[in-house]
Protein chains: 2
Amino acid sequence: MTQKIDFLSKNQQIVLEIIEKAKEPLKAYSILFSVQKKGIKAPPQVYRALDRLIKLGKIHKIESKNAFVACKNDSCTISNATAFSICDSCEMVTEISNPKLSKYLANFQDETGMRYNKYNLEFFGLCKKCKK
Amino acid sequence: MTQKIDFLSKNQQIVLEIIEKAKEPLKAYSILFSVQKKGIKAPPQVYRALDRLIKLGKIHKIESKNAFVACKNDSCTISNATAFSICDSCEMVTEISNPKLSKYLANFQDETGMRYNKYNLEFFGLCKKCKK
DNA sequence: TTTAAATATGTTATATTATAACAAAGCGTA
DNA sequence: TACGCTTTGTTATAATATAACATATTTAAA
Ligand SMILES: [Zn+2]
Ligand SMILES: [Zn+2]
Ligand SMILES: [Zn+2]
Ligand SMILES: [Zn+2]
């Protein structure tokens with residue numbers, strides 16, 4: 001649909017489209033179920049596509065949920081710096097794109113002097129709706 | 001060993017001790033294997049202890065690895081604010097305890113105004129040893 | 001154009017991680 | 001004692017993920 005999608009293989013496109021259409025994070029086996037009508041029959045086909053899409057930064061894995069969301073952040077072509085906001089009640093997940101935060105984390109150095117090339121941050125709380 | 005350990009049940013103590021002794025994050029089934037000589041025979045026994053220890057802040061789950069580490073941070077009695085440094089090469093995991101970082105994250109607010117009561121941050125890179 | 005390498009796919013089986021469901025035991029206390 | 005509550009034990013199964021190997025498709029040299 002977008003330009004870059006042309007670089008994706010058939011299975012990768014199928015999997016990406018279903019994740020992009022979803023309003024919430026999708027689990028691998030729910031993706032598998034959804035794409036069976038399109039000829040993808042087995043877990044490895046889904047997991048391969050997921051792995052590739054993650055490397056390309058088109059999707060991200062929400063580690064605390066073992067679920068996958070489309071990247072909503074155009075500048076996030078390589079997924080080495082991700083931050084999410086997760087509602088404990090309705091399970092809504094939003095990708096945070098906050099320049100100050102990403103700058104702060106990208107430059108963060110701990111006592112050991114270790115330099116990081118990747119981070120993933122997950123915030124938990126109650127979203128507006130669920131706070132009411 | 002410490003005072004608070006007295007509040008733990010037998011299985012919880014057994015599981016905590018093995019995690020504290022370990023130099024690297026332990027997987028649930030490797031814990032299960034290790035504690036079988038002490039009478040813990042089935043996964044639910046291990047997972048129950050893990051769940052409880054996490055709630056108490058005695059251990060943390062490294063989400064990207066599905067593995068568990070003992071908390072090295074005395075102030076971390078409730079595990080609602082965790083940050084880890086993970087080596088991509090040797091898989092070493094260190095809990096980061098950096099007041100500036102935790103203050104920054106505890107006070108972080110995104111555009112939506114959602115307020116967070118918990119976060120987990122995982123940094124990836126190469127540790128000193130592996131950089132050489 | 002032929003050949004070879006690299007990439008993507010299909011398929012079966014299996015490994016790994018985690019929970020459901022229910023029974024029994026232990027413990028504090030009214 | 002008898003009641004509630006927590007912990008434990010146990011079996012089975014659900015959910016997540018990968019190994020291994022065969023085939024097909026695309027790409028790029030030769
Ligand atoms: Zn993104
Ligand atoms: Zn919500
Ligand atoms: Zn801690
Ligand atoms: Zn290392």
# chains A, B, ... in the order shown; residues from 1 in each chain; ligands from 1
$ residues_near_ligand --ligand "ligand 1" --cutoff "12 Å" --atoms "only C-alpha atoms (C1' of nucleotides) and all ligand atoms" --output "MDAnalysis selection string"
chainID A and resid 53:62 68:84 94:98 102 119:121
$ residues_around --residues "DA8 in chain C" --least-positions-apart "4" --cutoff "9 Å" --atoms "only C-alpha atoms (C1' of nucleotides)" --output "ChimeraX atom specification"
/A:9,11 /D:24-26
$ interface_residues --of "chain B" --to "chain A" --cutoff "12 Å" --atoms "only C-alpha atoms" --output "number ranges by chain"
B: 61-66, 80-88, 92-102, 104-132
$ interface_residues --of "chain C" --to "chain A" --cutoff "12 Å" --atoms "only C-alpha atoms (C1' of nucleotides)" --output "CSV table (one decimal) with all heavy atoms, in the first residue's frame"
chain,number,residue,atom,x,y,z
C,7,DT,P,20.5,-13.5,1.1
C,7,DT,OP1,20.7,-12.0,1.3
C,7,DT,OP2,21.0,-14.5,2.1
C,7,DT,O5',19.0,-13.7,0.9
C,7,DT,C5',18.4,-13.1,-0.3
C,7,DT,C4',17.0,-13.7,-0.5
C,7,DT,O4',17.1,-15.1,-0.9
C,7,DT,C3',16.1,-13.7,0.8
C,7,DT,O3',15.0,-12.9,0.5
C,7,DT,C2',15.8,-15.2,1.0
C,7,DT,C1',16.0,-15.7,-0.4
C,7,DT,N1,16.3,-17.2,-0.5
C,7,DT,C2,15.5,-18.0,-1.2
C,7,DT,O2,14.5,-17.6,-1.8
C,7,DT,N3,15.9,-19.3,-1.3
C,7,DT,C4,17.0,-19.9,-0.7
C,7,DT,O4,17.2,-21.1,-0.9
C,7,DT,C5,17.8,-19.0,0.1
C,7,DT,C7,19.1,-19.5,0.7
C,7,DT,C6,17.5,-17.7,0.2
C,8,DA,P,13.9,-12.6,1.6
C,8,DA,OP1,13.2,-11.3,1.3
C,8,DA,OP2,14.4,-12.9,2.9
C,8,DA,O5',12.8,-13.8,1.2
C,8,DA,C5',12.1,-13.7,0.0
C,8,DA,C4',11.3,-15.0,-0.1
C,8,DA,O4',12.1,-16.1,-0.2
C,8,DA,C3',10.3,-15.1,1.1
C,8,DA,O3',9.0,-15.1,0.5
C,8,DA,C2',10.7,-16.5,1.6
C,8,DA,C1',11.4,-17.2,0.5
C,8,DA,N9,12.4,-18.1,0.9
C,8,DA,C8,13.5,-17.9,1.7
C,8,DA,N7,14.3,-19.0,1.9
C,8,DA,C5,13.6,-20.0,1.1
C,8,DA,C6,13.9,-21.3,0.9
C,8,DA,N6,15.0,-22.0,1.4
C,8,DA,N1,13.0,-22.0,0.1
C,8,DA,C2,12.0,-21.4,-0.4
C,8,DA,N3,11.6,-20.1,-0.3
C,8,DA,C4,12.5,-19.5,0.5
C,9,DT,P,7.8,-15.5,1.4
C,9,DT,OP1,6.6,-14.8,0.8
C,9,DT,OP2,8.1,-15.3,2.8
C,9,DT,O5',7.5,-17.0,1.2
C,9,DT,C5',7.3,-17.5,-0.1
C,9,DT,C4',7.1,-19.0,0.0
C,9,DT,O4',8.4,-19.6,0.4
C,9,DT,C3',6.1,-19.5,1.0
C,9,DT,O3',5.0,-20.0,0.3
C,9,DT,C2',6.8,-20.5,1.9
C,9,DT,C1',8.1,-20.8,1.1
C,9,DT,N1,9.3,-21.1,1.9
C,9,DT,C2,9.8,-22.4,1.8
C,9,DT,O2,9.3,-23.2,1.1
C,9,DT,N3,10.9,-22.6,2.6
C,9,DT,C4,11.5,-21.7,3.4
C,9,DT,O4,12.5,-22.0,4.1
C,9,DT,C5,10.9,-20.4,3.5
C,9,DT,C7,11.5,-19.3,4.3
C,9,DT,C6,9.8,-20.1,2.7
C,10,DG,P,3.7,-20.5,1.0
C,10,DG,OP1,2.6,-20.4,0.0
C,10,DG,OP2,3.6,-19.8,2.3
C,10,DG,O5',4.0,-22.0,1.2
C,10,DG,C5',4.4,-22.8,0.2
C,10,DG,C4',4.7,-24.3,0.6
C,10,DG,O4',6.0,-24.3,1.3
C,10,DG,C3',3.6,-24.8,1.6
C,10,DG,O3',3.2,-26.1,1.2
C,10,DG,C2',4.4,-24.8,3.0
C,10,DG,C1',5.8,-25.1,2.5
C,10,DG,N9,6.9,-24.6,3.4
C,10,DG,C8,7.0,-23.3,3.9
C,10,DG,N7,8.1,-23.2,4.6
C,10,DG,C5,8.7,-24.4,4.6
C,10,DG,C6,9.9,-24.9,5.3
C,10,DG,O6,10.6,-24.2,6.0
C,10,DG,N1,10.1,-26.2,5.1
C,10,DG,C2,9.3,-27.0,4.3
C,10,DG,N2,9.7,-28.3,4.2
C,10,DG,N3,8.2,-26.6,3.7
C,10,DG,C4,7.9,-25.3,3.9
C,11,DT,P,2.0,-26.8,1.9
C,11,DT,OP1,1.5,-27.8,0.9
C,11,DT,OP2,1.2,-25.9,2.5
C,11,DT,O5',2.8,-27.6,3.0
C,11,DT,C5',3.8,-28.6,2.6
C,11,DT,C4',4.4,-29.3,3.8
C,11,DT,O4',5.4,-28.5,4.4
C,11,DT,C3',3.3,-29.6,5.0
C,11,DT,O3',3.1,-30.9,5.0
C,11,DT,C2',4.0,-29.0,6.2
C,11,DT,C1',5.4,-28.8,5.8
C,11,DT,N1,6.2,-27.7,6.5
C,11,DT,C2,7.4,-27.9,7.0
C,11,DT,O2,7.9,-29.0,7.0
C,11,DT,N3,8.0,-26.9,7.6
C,11,DT,C4,7.5,-25.6,7.7
C,11,DT,O4,8.1,-24.7,8.2
C,11,DT,C5,6.2,-25.4,7.1
C,11,DT,C7,5.6,-24.0,7.1
C,11,DT,C6,5.6,-26.4,6.5
C,12,DT,P,2.1,-31.6,6.1
C,12,DT,OP1,1.4,-32.7,5.4
C,12,DT,OP2,1.3,-30.5,6.7
C,12,DT,O5',3.0,-32.1,7.2
C,12,DT,C5',4.2,-32.9,6.8
C,12,DT,C4',5.0,-33.2,8.0
C,12,DT,O4',5.8,-32.0,8.4
C,12,DT,C3',4.2,-33.6,9.3
C,12,DT,O3',4.7,-34.8,9.7
C,12,DT,C2',4.5,-32.4,10.3
C,12,DT,C1',5.9,-31.9,9.8
C,12,DT,N1,6.1,-30.5,10.1
C,12,DT,C2,7.3,-30.0,10.5
C,12,DT,O2,8.3,-30.8,10.7
C,12,DT,N3,7.4,-28.7,10.7
C,12,DT,C4,6.5,-27.7,10.6
C,12,DT,O4,6.7,-26.6,10.8
C,12,DT,C5,5.2,-28.2,10.1
C,12,DT,C7,4.1,-27.3,9.9
C,12,DT,C6,5.1,-29.5,9.9
C,13,DA,P,4.1,-35.4,11.1
C,13,DA,OP1,4.0,-36.9,10.9
C,13,DA,OP2,2.8,-34.7,11.5
C,13,DA,O5',5.2,-35.1,12.2
C,13,DA,C5',6.5,-35.2,11.8
C,13,DA,C4',7.4,-34.4,12.9
C,13,DA,O4',7.2,-33.0,12.8
C,13,DA,C3',7.0,-34.8,14.3
C,13,DA,O3',8.1,-35.4,14.9
C,13,DA,C2',6.5,-33.5,15.0
C,13,DA,C1',7.2,-32.5,14.1
C,13,DA,N9,6.5,-31.2,14.0
C,13,DA,C8,5.1,-31.0,13.7
C,13,DA,N7,4.8,-29.7,13.7
C,13,DA,C5,6.0,-29.0,14.1
C,13,DA,C6,6.3,-27.7,14.3
C,13,DA,N6,5.3,-26.7,14.2
C,13,DA,N1,7.5,-27.3,14.7
C,13,DA,C2,8.4,-28.3,14.8
C,13,DA,N3,8.3,-29.7,14.6
C,13,DA,C4,7.0,-29.9,14.3
C,17,DT,P,11.9,-21.7,27.6
C,17,DT,OP1,12.7,-20.5,27.4
C,17,DT,OP2,12.3,-22.7,28.6
C,17,DT,O5',10.4,-21.3,27.8
C,17,DT,C5',9.8,-20.3,27.0
C,17,DT,C4',8.4,-20.1,27.4
C,17,DT,O4',7.6,-21.3,27.2
C,17,DT,C3',8.2,-19.8,28.9
C,17,DT,O3',7.5,-18.6,29.0
C,17,DT,C2',7.4,-21.0,29.4
C,17,DT,C1',6.7,-21.4,28.2
C,17,DT,N1,6.2,-22.8,28.2
C,17,DT,C2,4.9,-23.1,27.9
C,17,DT,O2,4.1,-22.3,27.6
C,17,DT,N3,4.6,-24.5,27.8
C,17,DT,C4,5.4,-25.5,28.1
C,17,DT,O4,5.0,-26.7,28.1
C,17,DT,C5,6.8,-25.2,28.4
C,17,DT,C7,7.8,-26.2,28.7
C,17,DT,C6,7.1,-23.8,28.4
$ select_by_dssp --residues "chain A" --states "strand (DSSP E or B)" --output "short mmCIF file (atom, residue, chain, number, x, y, z; two decimals) with N, CA, C and O atoms, in the first residue's frame"
data_model
loop_
_atom_site.label_atom_id
_atom_site.label_comp_id
_atom_site.auth_asym_id
_atom_site.auth_seq_id
_atom_site.Cartn_x
_atom_site.Cartn_y
_atom_site.Cartn_z
N LEU A 26 -1.75 -7.98 18.23
CA LEU A 26 -2.19 -9.31 17.82
C LEU A 26 -1.19 -10.36 18.26
O LEU A 26 0.02 -10.16 18.19
N ILE A 59 6.90 -3.46 12.37
CA ILE A 59 6.11 -3.83 13.54
C ILE A 59 7.04 -3.92 14.76
O ILE A 59 8.26 -3.95 14.62
N HIS A 60 6.41 -3.97 15.92
CA HIS A 60 7.16 -4.16 17.16
C HIS A 60 6.49 -5.26 17.97
O HIS A 60 5.29 -5.47 17.88
N LYS A 61 7.30 -5.92 18.78
CA LYS A 61 6.76 -6.91 19.69
C LYS A 61 6.57 -6.27 21.07
O LYS A 61 7.49 -5.64 21.59
N ILE A 62 5.39 -6.43 21.62
CA ILE A 62 5.16 -6.01 23.00
C ILE A 62 5.55 -7.18 23.88
O ILE A 62 4.82 -8.16 23.99
N ALA A 67 2.80 -10.02 21.95
CA ALA A 67 1.88 -9.58 20.90
C ALA A 67 2.57 -8.54 20.03
O ALA A 67 3.61 -7.99 20.41
N PHE A 68 1.98 -8.30 18.87
CA PHE A 68 2.66 -7.50 17.86
C PHE A 68 1.78 -6.34 17.40
O PHE A 68 0.57 -6.50 17.19
N VAL A 69 2.41 -5.19 17.25
CA VAL A 69 1.70 -3.99 16.78
C VAL A 69 2.45 -3.38 15.61
O VAL A 69 3.67 -3.51 15.49
N ALA A 70 1.70 -2.69 14.75
CA ALA A 70 2.34 -1.96 13.65
C ALA A 70 3.02 -0.74 14.21
O ALA A 70 2.55 -0.13 15.17
N ALA A 81 14.68 1.47 19.17
CA ALA A 81 14.38 2.42 20.23
C ALA A 81 12.87 2.52 20.33
O ALA A 81 12.25 3.30 19.63
N THR A 82 12.30 1.72 21.21
CA THR A 82 10.84 1.65 21.25
C THR A 82 10.33 1.93 22.66
O THR A 82 10.97 1.56 23.65
N ALA A 83 9.17 2.57 22.72
CA ALA A 83 8.53 2.86 24.00
C ALA A 83 7.03 2.75 23.82
O ALA A 83 6.47 3.23 22.83
N PHE A 84 6.40 2.11 24.78
CA PHE A 84 4.96 1.87 24.67
C PHE A 84 4.25 2.23 25.95
O PHE A 84 4.81 2.12 27.06
N SER A 85 3.01 2.59 25.77
CA SER A 85 2.11 2.91 26.85
C SER A 85 1.02 1.83 26.85
O SER A 85 0.36 1.62 25.84
N ILE A 86 0.86 1.16 27.96
CA ILE A 86 -0.01 -0.01 28.01
C ILE A 86 -1.02 0.15 29.13
O ILE A 86 -0.64 0.37 30.29
N CYS A 87 -2.30 0.02 28.79
CA CYS A 87 -3.33 0.13 29.83
C CYS A 87 -3.55 -1.24 30.48
O CYS A 87 -3.82 -2.22 29.80
N VAL A 93 -2.65 -0.47 23.72
CA VAL A 93 -1.22 -0.22 23.61
C VAL A 93 -0.99 0.91 22.61
O VAL A 93 -1.53 0.89 21.51
N THR A 94 -0.20 1.88 23.03
CA THR A 94 0.13 3.00 22.14
C THR A 94 1.64 3.15 22.08
O THR A 94 2.31 3.09 23.11
N GLU A 95 2.14 3.36 20.87
CA GLU A 95 3.58 3.61 20.76
C GLU A 95 3.84 5.07 21.13
O GLU A 95 3.21 5.98 20.61
N TYR A 116 24.69 1.49 24.84
CA TYR A 116 23.58 0.69 24.31
C TYR A 116 23.26 1.05 22.88
O TYR A 116 23.33 2.19 22.48
N ASN A 117 22.85 0.06 22.12
CA ASN A 117 22.44 0.34 20.75
C ASN A 117 20.96 0.03 20.54
O ASN A 117 20.47 0.10 19.41
N LYS A 118 20.28 -0.30 21.62
CA LYS A 118 18.87 -0.66 21.49
C LYS A 118 18.22 -0.60 22.86
O LYS A 118 18.87 -0.90 23.86
N TYR A 119 16.97 -0.19 22.89
CA TYR A 119 16.22 -0.29 24.15
C TYR A 119 14.75 -0.51 23.86
O TYR A 119 14.25 -0.21 22.78
N ASN A 120 14.08 -1.04 24.85
CA ASN A 120 12.63 -1.18 24.79
C ASN A 120 12.06 -0.82 26.15
O ASN A 120 12.49 -1.34 27.17
N LEU A 121 11.08 0.07 26.11
CA LEU A 121 10.50 0.59 27.35
C LEU A 121 8.99 0.38 27.32
O LEU A 121 8.33 0.70 26.33
N GLU A 122 8.46 -0.21 28.37
CA GLU A 122 7.02 -0.40 28.46
C GLU A 122 6.49 0.24 29.74
O GLU A 122 6.89 -0.13 30.83
N PHE A 123 5.60 1.20 29.54
CA PHE A 123 4.92 1.87 30.66
C PHE A 123 3.55 1.25 30.88
O PHE A 123 2.83 0.96 29.91
N PHE A 124 3.17 1.10 32.14
CA PHE A 124 1.86 0.54 32.46
C PHE A 124 1.08 1.50 33.35
O PHE A 124 1.64 2.17 34.21
N GLY A 125 -0.23 1.53 33.11
CA GLY A 125 -1.09 2.38 33.91
C GLY A 125 -2.53 2.25 33.43
O GLY A 125 -2.88 1.24 32.82
#
$ decode --residues "range 10-21 of chain C" --atoms "all heavy atoms" --output "short mmCIF file (atom, residue, chain, number, x, y, z; two decimals), in the first residue's frame"
data_model
loop_
_atom_site.label_atom_id
_atom_site.label_comp_id
_atom_site.auth_asym_id
_atom_site.auth_seq_id
_atom_site.Cartn_x
_atom_site.Cartn_y
_atom_site.Cartn_z
P DG C 10 3.70 -20.48 0.98
OP1 DG C 10 2.59 -20.40 0.00
OP2 DG C 10 3.60 -19.81 2.28
"O5'" DG C 10 4.02 -22.02 1.24
"C5'" DG C 10 4.44 -22.84 0.16
"C4'" DG C 10 4.67 -24.28 0.64
"O4'" DG C 10 5.95 -24.35 1.32
"C3'" DG C 10 3.63 -24.78 1.65
"O3'" DG C 10 3.22 -26.07 1.20
"C2'" DG C 10 4.40 -24.85 2.97
"C1'" DG C 10 5.82 -25.08 2.51
N9 DG C 10 6.89 -24.60 3.39
C8 DG C 10 7.04 -23.31 3.86
N7 DG C 10 8.11 -23.17 4.60
C5 DG C 10 8.70 -24.42 4.63
C6 DG C 10 9.87 -24.87 5.29
O6 DG C 10 10.65 -24.23 5.99
N1 DG C 10 10.10 -26.23 5.06
C2 DG C 10 9.29 -27.04 4.30
N2 DG C 10 9.66 -28.31 4.19
N3 DG C 10 8.19 -26.64 3.68
C4 DG C 10 7.95 -25.32 3.89
P DT C 11 2.04 -26.84 1.88
OP1 DT C 11 1.48 -27.81 0.92
OP2 DT C 11 1.16 -25.85 2.53
"O5'" DT C 11 2.81 -27.65 3.03
"C5'" DT C 11 3.82 -28.58 2.64
"C4'" DT C 11 4.36 -29.31 3.84
"O4'" DT C 11 5.43 -28.54 4.44
"C3'" DT C 11 3.35 -29.55 4.95
"O3'" DT C 11 3.14 -30.94 5.03
"C2'" DT C 11 4.00 -28.98 6.22
"C1'" DT C 11 5.45 -28.82 5.81
N1 DT C 11 6.17 -27.70 6.46
C2 DT C 11 7.41 -27.94 7.01
O2 DT C 11 7.93 -29.04 6.99
N3 DT C 11 8.01 -26.85 7.58
C4 DT C 11 7.51 -25.57 7.66
O4 DT C 11 8.14 -24.66 8.21
C5 DT C 11 6.21 -25.38 7.07
C7 DT C 11 5.58 -24.02 7.10
C6 DT C 11 5.61 -26.44 6.51
P DT C 12 2.07 -31.56 6.06
OP1 DT C 12 1.43 -32.69 5.37
OP2 DT C 12 1.27 -30.47 6.68
"O5'" DT C 12 3.04 -32.15 7.19
"C5'" DT C 12 4.18 -32.91 6.80
"C4'" DT C 12 5.03 -33.20 8.02
"O4'" DT C 12 5.80 -32.02 8.36
"C3'" DT C 12 4.24 -33.55 9.28
"O3'" DT C 12 4.68 -34.82 9.74
"C2'" DT C 12 4.53 -32.43 10.28
"C1'" DT C 12 5.85 -31.89 9.76
N1 DT C 12 6.09 -30.45 10.05
C2 DT C 12 7.31 -30.05 10.52
O2 DT C 12 8.25 -30.82 10.71
N3 DT C 12 7.44 -28.71 10.75
C4 DT C 12 6.46 -27.75 10.58
O4 DT C 12 6.69 -26.58 10.83
C5 DT C 12 5.19 -28.24 10.11
C7 DT C 12 4.06 -27.28 9.89
C6 DT C 12 5.06 -29.55 9.86
P DA C 13 4.05 -35.45 11.10
OP1 DA C 13 4.04 -36.90 10.88
OP2 DA C 13 2.82 -34.72 11.49
"O5'" DA C 13 5.16 -35.10 12.18
"C5'" DA C 13 6.54 -35.15 11.81
"C4'" DA C 13 7.36 -34.44 12.88
"O4'" DA C 13 7.16 -33.01 12.77
"C3'" DA C 13 6.96 -34.81 14.31
"O3'" DA C 13 8.10 -35.39 14.95
"C2'" DA C 13 6.52 -33.50 14.96
"C1'" DA C 13 7.17 -32.45 14.06
N9 DA C 13 6.46 -31.17 14.01
C8 DA C 13 5.15 -30.95 13.69
N7 DA C 13 4.80 -29.69 13.73
C5 DA C 13 5.96 -29.03 14.10
C6 DA C 13 6.25 -27.67 14.31
N6 DA C 13 5.35 -26.68 14.19
N1 DA C 13 7.51 -27.35 14.66
C2 DA C 13 8.42 -28.34 14.80
N3 DA C 13 8.27 -29.65 14.62
C4 DA C 13 6.99 -29.93 14.27
P DT C 14 7.97 -35.87 16.49
OP1 DT C 14 9.01 -36.91 16.63
OP2 DT C 14 6.58 -36.12 16.87
"O5'" DT C 14 8.48 -34.59 17.30
"C5'" DT C 14 9.65 -33.94 16.83
"C4'" DT C 14 9.89 -32.68 17.64
"O4'" DT C 14 8.99 -31.63 17.24
"C3'" DT C 14 9.68 -32.86 19.14
"O3'" DT C 14 10.87 -32.43 19.75
"C2'" DT C 14 8.49 -31.98 19.47
"C1'" DT C 14 8.62 -30.91 18.39
N1 DT C 14 7.40 -30.14 18.07
C2 DT C 14 7.49 -28.75 18.06
O2 DT C 14 8.53 -28.16 18.29
N3 DT C 14 6.33 -28.10 17.76
C4 DT C 14 5.11 -28.67 17.48
O4 DT C 14 4.13 -27.98 17.22
C5 DT C 14 5.07 -30.11 17.51
C7 DT C 14 3.80 -30.84 17.20
C6 DT C 14 6.21 -30.77 17.80
P DA C 15 11.16 -32.66 21.29
OP1 DA C 15 12.33 -33.56 21.34
OP2 DA C 15 9.94 -32.98 22.05
"O5'" DA C 15 11.64 -31.20 21.72
"C5'" DA C 15 12.34 -30.41 20.77
"C4'" DA C 15 12.29 -28.97 21.22
"O4'" DA C 15 11.02 -28.38 20.85
"C3'" DA C 15 12.42 -28.79 22.72
"O3'" DA C 15 13.29 -27.70 22.92
"C2'" DA C 15 10.98 -28.50 23.18
"C1'" DA C 15 10.42 -27.77 21.96
N9 DA C 15 8.97 -27.87 21.75
C8 DA C 15 8.22 -28.99 21.59
N7 DA C 15 6.95 -28.76 21.40
C5 DA C 15 6.85 -27.39 21.43
C6 DA C 15 5.76 -26.51 21.29
N6 DA C 15 4.51 -26.92 21.08
N1 DA C 15 6.01 -25.19 21.39
C2 DA C 15 7.26 -24.79 21.60
N3 DA C 15 8.37 -25.50 21.75
C4 DA C 15 8.09 -26.82 21.65
P DT C 16 13.74 -27.31 24.40
OP1 DT C 16 15.09 -26.74 24.27
OP2 DT C 16 13.45 -28.42 25.33
"O5'" DT C 16 12.76 -26.12 24.79
"C5'" DT C 16 12.69 -24.97 23.95
"C4'" DT C 16 11.62 -24.06 24.47
"O4'" DT C 16 10.32 -24.62 24.20
"C3'" DT C 16 11.66 -23.81 25.98
"O3'" DT C 16 11.81 -22.42 26.12
"C2'" DT C 16 10.33 -24.36 26.49
"C1'" DT C 16 9.47 -24.26 25.25
N1 DT C 16 8.29 -25.16 25.12
C2 DT C 16 7.06 -24.59 24.88
O2 DT C 16 6.89 -23.39 24.82
N3 DT C 16 6.03 -25.48 24.73
C4 DT C 16 6.11 -26.86 24.79
O4 DT C 16 5.11 -27.56 24.63
C5 DT C 16 7.42 -27.40 25.03
C7 DT C 16 7.61 -28.88 25.09
C6 DT C 16 8.44 -26.53 25.18
P DT C 17 11.94 -21.73 27.56
OP1 DT C 17 12.73 -20.50 27.38
OP2 DT C 17 12.30 -22.74 28.58
"O5'" DT C 17 10.42 -21.29 27.81
"C5'" DT C 17 9.83 -20.29 27.01
"C4'" DT C 17 8.40 -20.09 27.43
"O4'" DT C 17 7.65 -21.30 27.17
"C3'" DT C 17 8.20 -19.79 28.92
"O3'" DT C 17 7.53 -18.55 29.01
"C2'" DT C 17 7.38 -20.96 29.43
"C1'" DT C 17 6.68 -21.43 28.18
N1 DT C 17 6.23 -22.84 28.16
C2 DT C 17 4.91 -23.12 27.85
O2 DT C 17 4.09 -22.26 27.61
N3 DT C 17 4.59 -24.46 27.85
C4 DT C 17 5.44 -25.52 28.10
O4 DT C 17 5.03 -26.68 28.06
C5 DT C 17 6.80 -25.15 28.41
C7 DT C 17 7.81 -26.24 28.69
C6 DT C 17 7.14 -23.85 28.42
P DA C 18 7.11 -17.94 30.44
OP1 DA C 18 6.96 -16.49 30.26
OP2 DA C 18 8.00 -18.49 31.48
"O5'" DA C 18 5.66 -18.58 30.66
"C5'" DA C 18 4.63 -18.29 29.72
"C4'" DA C 18 3.35 -18.97 30.15
"O4'" DA C 18 3.47 -20.39 30.01
"C3'" DA C 18 2.96 -18.72 31.60
"O3'" DA C 18 1.80 -17.91 31.59
"C2'" DA C 18 2.74 -20.12 32.19
"C1'" DA C 18 2.60 -21.00 30.94
N9 DA C 18 3.01 -22.39 31.08
C8 DA C 18 4.25 -22.87 31.43
N7 DA C 18 4.32 -24.19 31.45
C5 DA C 18 3.04 -24.60 31.10
C6 DA C 18 2.46 -25.88 30.94
N6 DA C 18 3.13 -27.02 31.12
N1 DA C 18 1.15 -25.93 30.57
C2 DA C 18 0.49 -24.78 30.37
N3 DA C 18 0.93 -23.52 30.49
C4 DA C 18 2.22 -23.50 30.85
P DT C 19 1.03 -17.55 32.93
OP1 DT C 19 0.42 -16.23 32.69
OP2 DT C 19 1.87 -17.81 34.11
"O5'" DT C 19 -0.16 -18.62 32.94
"C5'" DT C 19 -0.93 -18.75 31.77
"C4'" DT C 19 -1.97 -19.83 31.95
"O4'" DT C 19 -1.33 -21.13 32.02
"C3'" DT C 19 -2.83 -19.71 33.22
"O3'" DT C 19 -4.17 -19.71 32.80
"C2'" DT C 19 -2.46 -20.94 34.05
"C1'" DT C 19 -2.03 -21.91 32.95
N1 DT C 19 -1.12 -22.99 33.37
C2 DT C 19 -1.49 -24.30 33.18
O2 DT C 19 -2.55 -24.63 32.69
N3 DT C 19 -0.55 -25.23 33.58
C4 DT C 19 0.68 -24.97 34.13
O4 DT C 19 1.43 -25.88 34.46
C5 DT C 19 1.01 -23.57 34.30
C7 DT C 19 2.34 -23.20 34.88
C6 DT C 19 0.12 -22.66 33.92
P DA C 20 -5.37 -19.51 33.83
OP1 DA C 20 -6.15 -18.35 33.34
OP2 DA C 20 -4.82 -19.50 35.20
"O5'" DA C 20 -6.26 -20.82 33.65
"C5'" DA C 20 -6.19 -21.54 32.43
"C4'" DA C 20 -7.06 -22.78 32.51
"O4'" DA C 20 -6.24 -23.92 32.84
"C3'" DA C 20 -8.15 -22.73 33.58
"O3'" DA C 20 -9.23 -23.52 33.13
"C2'" DA C 20 -7.45 -23.36 34.79
"C1'" DA C 20 -6.58 -24.42 34.12
N9 DA C 20 -5.33 -24.70 34.80
C8 DA C 20 -4.42 -23.81 35.28
N7 DA C 20 -3.37 -24.36 35.83
C5 DA C 20 -3.59 -25.71 35.69
C6 DA C 20 -2.84 -26.85 36.07
N6 DA C 20 -1.66 -26.78 36.69
N1 DA C 20 -3.36 -28.06 35.80
C2 DA C 20 -4.54 -28.13 35.18
N3 DA C 20 -5.34 -27.15 34.77
C4 DA C 20 -4.80 -25.94 35.06
P DA C 21 -10.64 -23.49 33.94
OP1 DA C 21 -11.68 -23.60 32.89
OP2 DA C 21 -10.64 -22.37 34.91
"O5'" DA C 21 -10.62 -24.85 34.77
"C5'" DA C 21 -10.04 -26.02 34.20
"C4'" DA C 21 -9.99 -27.10 35.26
"O4'" DA C 21 -8.65 -27.18 35.81
"C3'" DA C 21 -10.92 -26.85 36.45
"O3'" DA C 21 -11.55 -28.07 36.76
"C2'" DA C 21 -9.99 -26.37 37.55
"C1'" DA C 21 -8.74 -27.18 37.22
N9 DA C 21 -7.49 -26.67 37.75
C8 DA C 21 -7.15 -25.36 37.99
N7 DA C 21 -5.93 -25.21 38.48
C5 DA C 21 -5.45 -26.50 38.57
C6 DA C 21 -4.21 -27.02 39.00
N6 DA C 21 -3.21 -26.28 39.46
N1 DA C 21 -4.06 -28.36 38.95
C2 DA C 21 -5.06 -29.13 38.49
N3 DA C 21 -6.26 -28.74 38.05
C4 DA C 21 -6.39 -27.40 38.12
#
